[in-house]
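I have placed the structure first, in the form of structure tokens, so that the comments after it can refer back to it.
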Amino acid sequence: MGRHRFFFVTPPWRGRYNIDMKNRLLLAWVFASLAAAASADGSILWDLAKNEIPAALQFGKIEKIDGKVALRDGTAFAVPAEAFPDPKNFTVQVTASLCELVQNSDFVAMSKQSRDADDGFTFSMNYRDQPWYARRVAAYVNNIFMSANAIGGQKGPQANTPYTFTLAVRDGAATFYIDDAPYKTCYMAMIPNREPMWIGRGRGQNPKTMPAVVSAVRVYGPDFKYVSPKENVGENPRGAVAGKGWALDIPKIAHPEWPKVLIYGDSISMGYRGSFIPEMLKHDVYVFHCCHFVGGDVPEQALTEMAGRYTFDAVVFNNGLHSLHWSPDKVSDAVVQDRMRKLTQCFKKGAPHAKIYYLLTTPHTSPRPLPDMPVERLGDKNDVVVRLNTLSGAVMKQEGIEVIDVYSILAKRLELAAGDGYHWQGPAYQIITDEIATRVLPALGKK
């Protein structure tokens with residue numbers, strides 16, 4: 001997150017389908033083709049193996065050989081908009097193999113968005129050789145970035161290996177899957193449109209595209225109920241809602257009367273959420289999570305809107321590990337405190353009835369002396385951590401925000417550090433969970 005830019009791509013065909021004499025023949029051909037596919041299987045509305053791709057929905061040289069389409073040098077094709085008669089209930093699956101992993105390139109598996117409105121969806125991926133965490137598979141709903149992860153983690157995606165991208169839209173809510181594994185569930189309604197669905201190009205992606213072979217594309221209608229064999233909904237399913245410049249991981253709310261806690265922060269919040277969420281559920285408390293950090297200017301409008309999306313009873317936020325470049329020679333004390341004050345004001349304005357807590361930045365640690373030995377010392381950037389905690393603590397005192405000091409605790413437990421300088425092992429995150437729970441639960445009237 002951080003700075004957000006939203007792009008709109010002009011498709012190779014310009015404008016929407018205008019029912020004039022020029023397009024009547026094309027539409028007649030499209031409807032006839034779709035009807036033929038539907039007659040074979042009532043649930044399949046469009047099938048790359050059986051349907052022809054209209055010339056108007058091809059960009060560059062498109063050839064289908066044995067039901068497959070090779071995309072190179074920016075070529076792309078689209079599924080007609082008429083293949084989506086019920087825009088709130090459908091399933092689409094695209095299977096593609098990357099021909100080669102091209103540095104700084106993108107592959108768009110599916111994109112159905114308008115040029116001039118925030119609607120529809122995009123499912124895409126990029127490739128970066130290093131660092132591995134710069135690789136992402138991204139889902140967009142209503143032109144809003146929802147999440148990012150990399151196929152294969154540190155190992156990365158594999159060339160000439162088929163991956164199946166699935167989007168299931170049920171009553172307007174979208175869930176994204178990769179090889180049947182659930183990737184992101186959105187609890188916000190997707191705004192429909194009458195655009196075709198492009199494969200190979202989409203919303204403002206890097207013009208450097210990844211060559212791929214698309215071996216299957218199928219669009220299913222509302223009668224088809226996609227069920228993933230890898231999906232385990234569980235007793236407390238979670239999904240996402242988002243707005244311009246923000247996204248929240250949220251629980252499915254079955255008990256509106258339960259207290260609601262917002263946690264906001266960098267990867268440390270990702271670490272402790274794993275124990276904090278189930279701990280709060282034991283006390284009938286819902287946890288909402290925004291993984292984000294301020295490394296420069298504060299996106300005040302976005303964060304205030306995010307904090308006001310639900311009526312929160314408590315807010316816990318941290319910010320610091322991604323600001324270790326804020327040394328005195330680069331960022332003055334006044335600027336640091338101004339940014340932290342603005343960040344604090346976002347939560348005070350957005351959640352005026354919430355009890356707010358600030359979690360001090362955790363220590364920066366040195367590497368392990370040997371791979372099988374624990375961390376023994378603080379890191380070379382820890383003086384910046386101390387400075388940020390001191391300056392932030394002063395702001396919190398002025399703003400009436402209670403501080404939770406996990407820095408002092410973990411500075412004495414360096415053996416629990418992960419060894420990468422920034423992160424921690426499970427027992428350390430449990431300590432953070434316990435410290436927060438000790439403060440938050442009494443404020444919520446819980447024991």
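In the structure tokens, the first chain shown is A, the next is B, and so on; residue numbers restart at 1 for each chain, and ligands run from 1 in the order shown.
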
Residues within 7 Å of A:Val375, only C-alpha atoms, excluding chain neighbours under 3 positions, as a PyMOL selection string: chain A and resi 366-369+414-415+417+419

Just want the 12 Å neighbourhood of stretch 443-445 of chain A, counted on only C-alpha atoms, with same-chain residues fewer than 5 positions away dropped. Output as a compact mmCIF listing (two decimals) with C-alpha atoms, in the first residue's frame.
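Below is the file that was written, around.txt:
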```
# COMPACT_ATOMS: atom_id res chain seq x y z
CA TRP A 258 -19.79 -8.42 19.76
CA PRO A 259 -17.11 -5.76 20.41
CA LYS A 260 -14.89 -4.92 17.46
CA VAL A 261 -11.14 -4.31 17.65
CA MET A 280 -10.16 -12.46 21.16
CA HIS A 283 -13.94 -13.64 24.63
CA ASP A 284 -16.54 -13.02 21.88
CA VAL A 285 -14.56 -10.17 20.33
CA TYR A 286 -14.10 -9.60 16.59
CA PHE A 312 -14.73 0.02 16.57
CA ASP A 313 -14.53 -0.30 20.34
CA ALA A 314 -10.74 -0.42 20.46
CA VAL A 315 -7.84 0.35 18.09
CA HIS A 353 -15.64 6.14 20.40
CA ALA A 354 -12.76 3.65 20.45
CA LYS A 355 -10.16 3.20 23.15
CA ILE A 356 -6.86 3.65 21.26
CA TYR A 357 -3.50 2.06 22.04
CA GLU A 402 -2.11 4.62 25.99
CA ILE A 436 -2.37 -6.31 24.14
CA ALA A 437 -5.09 -8.58 25.52
CA THR A 438 -4.25 -7.52 29.08
```

Test item: residues at most 10 Å from A:Ile431, only C-alpha atoms, excluding those fewer than 6 positions along its chain, as a PyMOL selection string: chain A and resi 272+275+406+409-410+437

Atom CA of A:Cys99 to atom CA of A:Asn160, straight-line distance in Å: 5.5 Å

Residue list (strand (DSSP E or B), DSSP) for stretch 91-139 of chain A, as a PyMOL selection string: chain A and resi 91-98+105-112+121-127+137-139

Go ahead and save the picked residues with N, CA and C atoms, as a PDB file, in the first residue's frame.
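Output file result.pdb is given in full below:
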```
ATOM      1  N   THR A  91     -18.862 -17.992 -12.525  1.00  0.00           N
ATOM      2  CA  THR A  91     -17.526 -18.499 -12.224  1.00  0.00           C
ATOM      3  C   THR A  91     -16.720 -18.476 -13.507  1.00  0.00           C
ATOM      4  N   VAL A  92     -15.496 -18.007 -13.437  1.00  0.00           N
ATOM      5  CA  VAL A  92     -14.621 -18.015 -14.607  1.00  0.00           C
ATOM      6  C   VAL A  92     -13.296 -18.646 -14.205  1.00  0.00           C
ATOM      7  N   GLN A  93     -12.779 -19.500 -15.089  1.00  0.00           N
ATOM      8  CA  GLN A  93     -11.509 -20.172 -14.855  1.00  0.00           C
ATOM      9  C   GLN A  93     -10.599 -20.002 -16.060  1.00  0.00           C
ATOM     10  N   VAL A  94      -9.358 -19.613 -15.792  1.00  0.00           N
ATOM     11  CA  VAL A  94      -8.336 -19.457 -16.824  1.00  0.00           C
ATOM     12  C   VAL A  94      -7.129 -20.294 -16.416  1.00  0.00           C
ATOM     13  N   THR A  95      -6.728 -21.200 -17.299  1.00  0.00           N
ATOM     14  CA  THR A  95      -5.528 -22.001 -17.062  1.00  0.00           C
ATOM     15  C   THR A  95      -4.446 -21.557 -18.034  1.00  0.00           C
ATOM     16  N   ALA A  96      -3.283 -21.220 -17.494  1.00  0.00           N
ATOM     17  CA  ALA A  96      -2.203 -20.712 -18.331  1.00  0.00           C
ATOM     18  C   ALA A  96      -0.867 -21.200 -17.805  1.00  0.00           C
ATOM     19  N   SER A  97       0.097 -21.347 -18.712  1.00  0.00           N
ATOM     20  CA  SER A  97       1.475 -21.684 -18.379  1.00  0.00           C
ATOM     21  C   SER A  97       2.375 -20.543 -18.825  1.00  0.00           C
ATOM     22  N   LEU A  98       3.282 -20.152 -17.974  1.00  0.00           N
ATOM     23  CA  LEU A  98       4.233 -19.099 -18.325  1.00  0.00           C
ATOM     24  C   LEU A  98       5.346 -19.709 -19.169  1.00  0.00           C
ATOM     25  N   SER A 105       8.070  -8.188 -15.483  1.00  0.00           N
ATOM     26  CA  SER A 105       6.958  -8.326 -16.419  1.00  0.00           C
ATOM     27  C   SER A 105       5.684  -8.703 -15.679  1.00  0.00           C
ATOM     28  N   ASP A 106       4.548  -8.591 -16.376  1.00  0.00           N
ATOM     29  CA  ASP A 106       3.239  -8.917 -15.816  1.00  0.00           C
ATOM     30  C   ASP A 106       2.520  -9.927 -16.700  1.00  0.00           C
ATOM     31  N   PHE A 107       1.649 -10.696 -16.078  1.00  0.00           N
ATOM     32  CA  PHE A 107       0.696 -11.523 -16.821  1.00  0.00           C
ATOM     33  C   PHE A 107      -0.680 -11.302 -16.216  1.00  0.00           C
ATOM     34  N   VAL A 108      -1.634 -10.901 -17.046  1.00  0.00           N
ATOM     35  CA  VAL A 108      -3.010 -10.677 -16.600  1.00  0.00           C
ATOM     36  C   VAL A 108      -3.831 -11.900 -16.978  1.00  0.00           C
ATOM     37  N   ALA A 109      -4.282 -12.635 -15.961  1.00  0.00           N
ATOM     38  CA  ALA A 109      -5.078 -13.835 -16.211  1.00  0.00           C
ATOM     39  C   ALA A 109      -6.500 -13.479 -16.603  1.00  0.00           C
ATOM     40  N   MET A 110      -7.040 -12.411 -16.031  1.00  0.00           N
ATOM     41  CA  MET A 110      -8.405 -11.988 -16.371  1.00  0.00           C
ATOM     42  C   MET A 110      -8.607 -10.552 -15.908  1.00  0.00           C
ATOM     43  N   SER A 111      -9.279  -9.770 -16.720  1.00  0.00           N
ATOM     44  CA  SER A 111      -9.562  -8.383 -16.356  1.00  0.00           C
ATOM     45  C   SER A 111     -10.839  -7.936 -17.040  1.00  0.00           C
ATOM     46  N   LYS A 112     -11.824  -7.578 -16.239  1.00  0.00           N
ATOM     47  CA  LYS A 112     -13.129  -7.132 -16.741  1.00  0.00           C
ATOM     48  C   LYS A 112     -13.489  -5.845 -16.018  1.00  0.00           C
ATOM     49  N   PHE A 121     -13.335  -6.513 -12.080  1.00  0.00           N
ATOM     50  CA  PHE A 121     -12.267  -7.255 -11.404  1.00  0.00           C
ATOM     51  C   PHE A 121     -11.057  -7.408 -12.305  1.00  0.00           C
ATOM     52  N   THR A 122      -9.921  -7.696 -11.681  1.00  0.00           N
ATOM     53  CA  THR A 122      -8.682  -8.074 -12.366  1.00  0.00           C
ATOM     54  C   THR A 122      -7.952  -9.079 -11.492  1.00  0.00           C
ATOM     55  N   PHE A 123      -7.390 -10.107 -12.113  1.00  0.00           N
ATOM     56  CA  PHE A 123      -6.593 -11.119 -11.429  1.00  0.00           C
ATOM     57  C   PHE A 123      -5.295 -11.239 -12.230  1.00  0.00           C
ATOM     58  N   SER A 124      -4.173 -10.865 -11.630  1.00  0.00           N
ATOM     59  CA  SER A 124      -2.928 -10.803 -12.387  1.00  0.00           C
ATOM     60  C   SER A 124      -1.743 -11.197 -11.526  1.00  0.00           C
ATOM     61  N   MET A 125      -0.581 -11.321 -12.158  1.00  0.00           N
ATOM     62  CA  MET A 125       0.641 -11.619 -11.423  1.00  0.00           C
ATOM     63  C   MET A 125       1.810 -10.927 -12.098  1.00  0.00           C
ATOM     64  N   ASN A 126       2.870 -10.711 -11.329  1.00  0.00           N
ATOM     65  CA  ASN A 126       4.086 -10.156 -11.905  1.00  0.00           C
ATOM     66  C   ASN A 126       5.244 -11.112 -11.641  1.00  0.00           C
ATOM     67  N   TYR A 127       6.422 -10.734 -12.114  1.00  0.00           N
ATOM     68  CA  TYR A 127       7.615 -11.521 -11.777  1.00  0.00           C
ATOM     69  C   TYR A 127       8.782 -10.591 -11.515  1.00  0.00           C
ATOM     70  N   VAL A 137       0.838 -11.888  -6.717  1.00  0.00           N
ATOM     71  CA  VAL A 137      -0.389 -12.200  -7.446  1.00  0.00           C
ATOM     72  C   VAL A 137      -1.430 -11.257  -6.882  1.00  0.00           C
ATOM     73  N   ALA A 138      -2.005 -10.439  -7.707  1.00  0.00           N
ATOM     74  CA  ALA A 138      -2.860  -9.357  -7.224  1.00  0.00           C
ATOM     75  C   ALA A 138      -4.300  -9.541  -7.665  1.00  0.00           C
ATOM     76  N   ALA A 139      -5.205  -9.287  -6.740  1.00  0.00           N
ATOM     77  CA  ALA A 139      -6.633  -9.288  -7.021  1.00  0.00           C
ATOM     78  C   ALA A 139      -7.167  -7.873  -6.843  1.00  0.00           C
TER      79      ALA A 139
END
```

Pick from A:Arg339, A:His325, A:Lys64, A:Lys349, whichever lies nearest to A:Asp380 using only C-alpha atoms: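 Checking each candidate against A:Asp380, we get A:His325 as the closest.
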
Atom pair atom CA of A:Val331 / atom CA of A:Leu391: separation (Å):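 One can read the atom CA of A:Val331 to atom CA of A:Leu391 distance as 12.0 Å.
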
Nearest residue to A:Arg115 from the set A:Asn236, A:Pro278, A:Pro256, A:Asn193 (distances using only C-alpha atoms):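 Of all the options, A:Asn193 lies closest to A:Arg115.
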
Which of A:Ile53, A:Cys346, A:Val316, A:Met396 sits closest to A:Thr433 [using only C-alpha atoms]: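 So, comparing all the options, the nearest one is A:Val316.
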
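Compared by their closest atoms to A:Val241, and using only C-alpha atoms, the residues A:Gln425, A:Thr161, A:Gln337, A:Asn142 rank with A:Asn142 nearest.
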
Gap from atom CA of A:Asp338 to atom CA of A:Val395 - Å, one decimal: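 Atom CA of A:Asp338 sits 8.6 Å away from atom CA of A:Val395.
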
Residue nearest A:Tyr226 among A:Glu376, A:Pro196, A:Phe90, A:Asp171 (counting only C-alpha atoms):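 Nearest candidate to A:Tyr226 out of A:Glu376, A:Pro196, A:Phe90, A:Asp171: A:Phe90.
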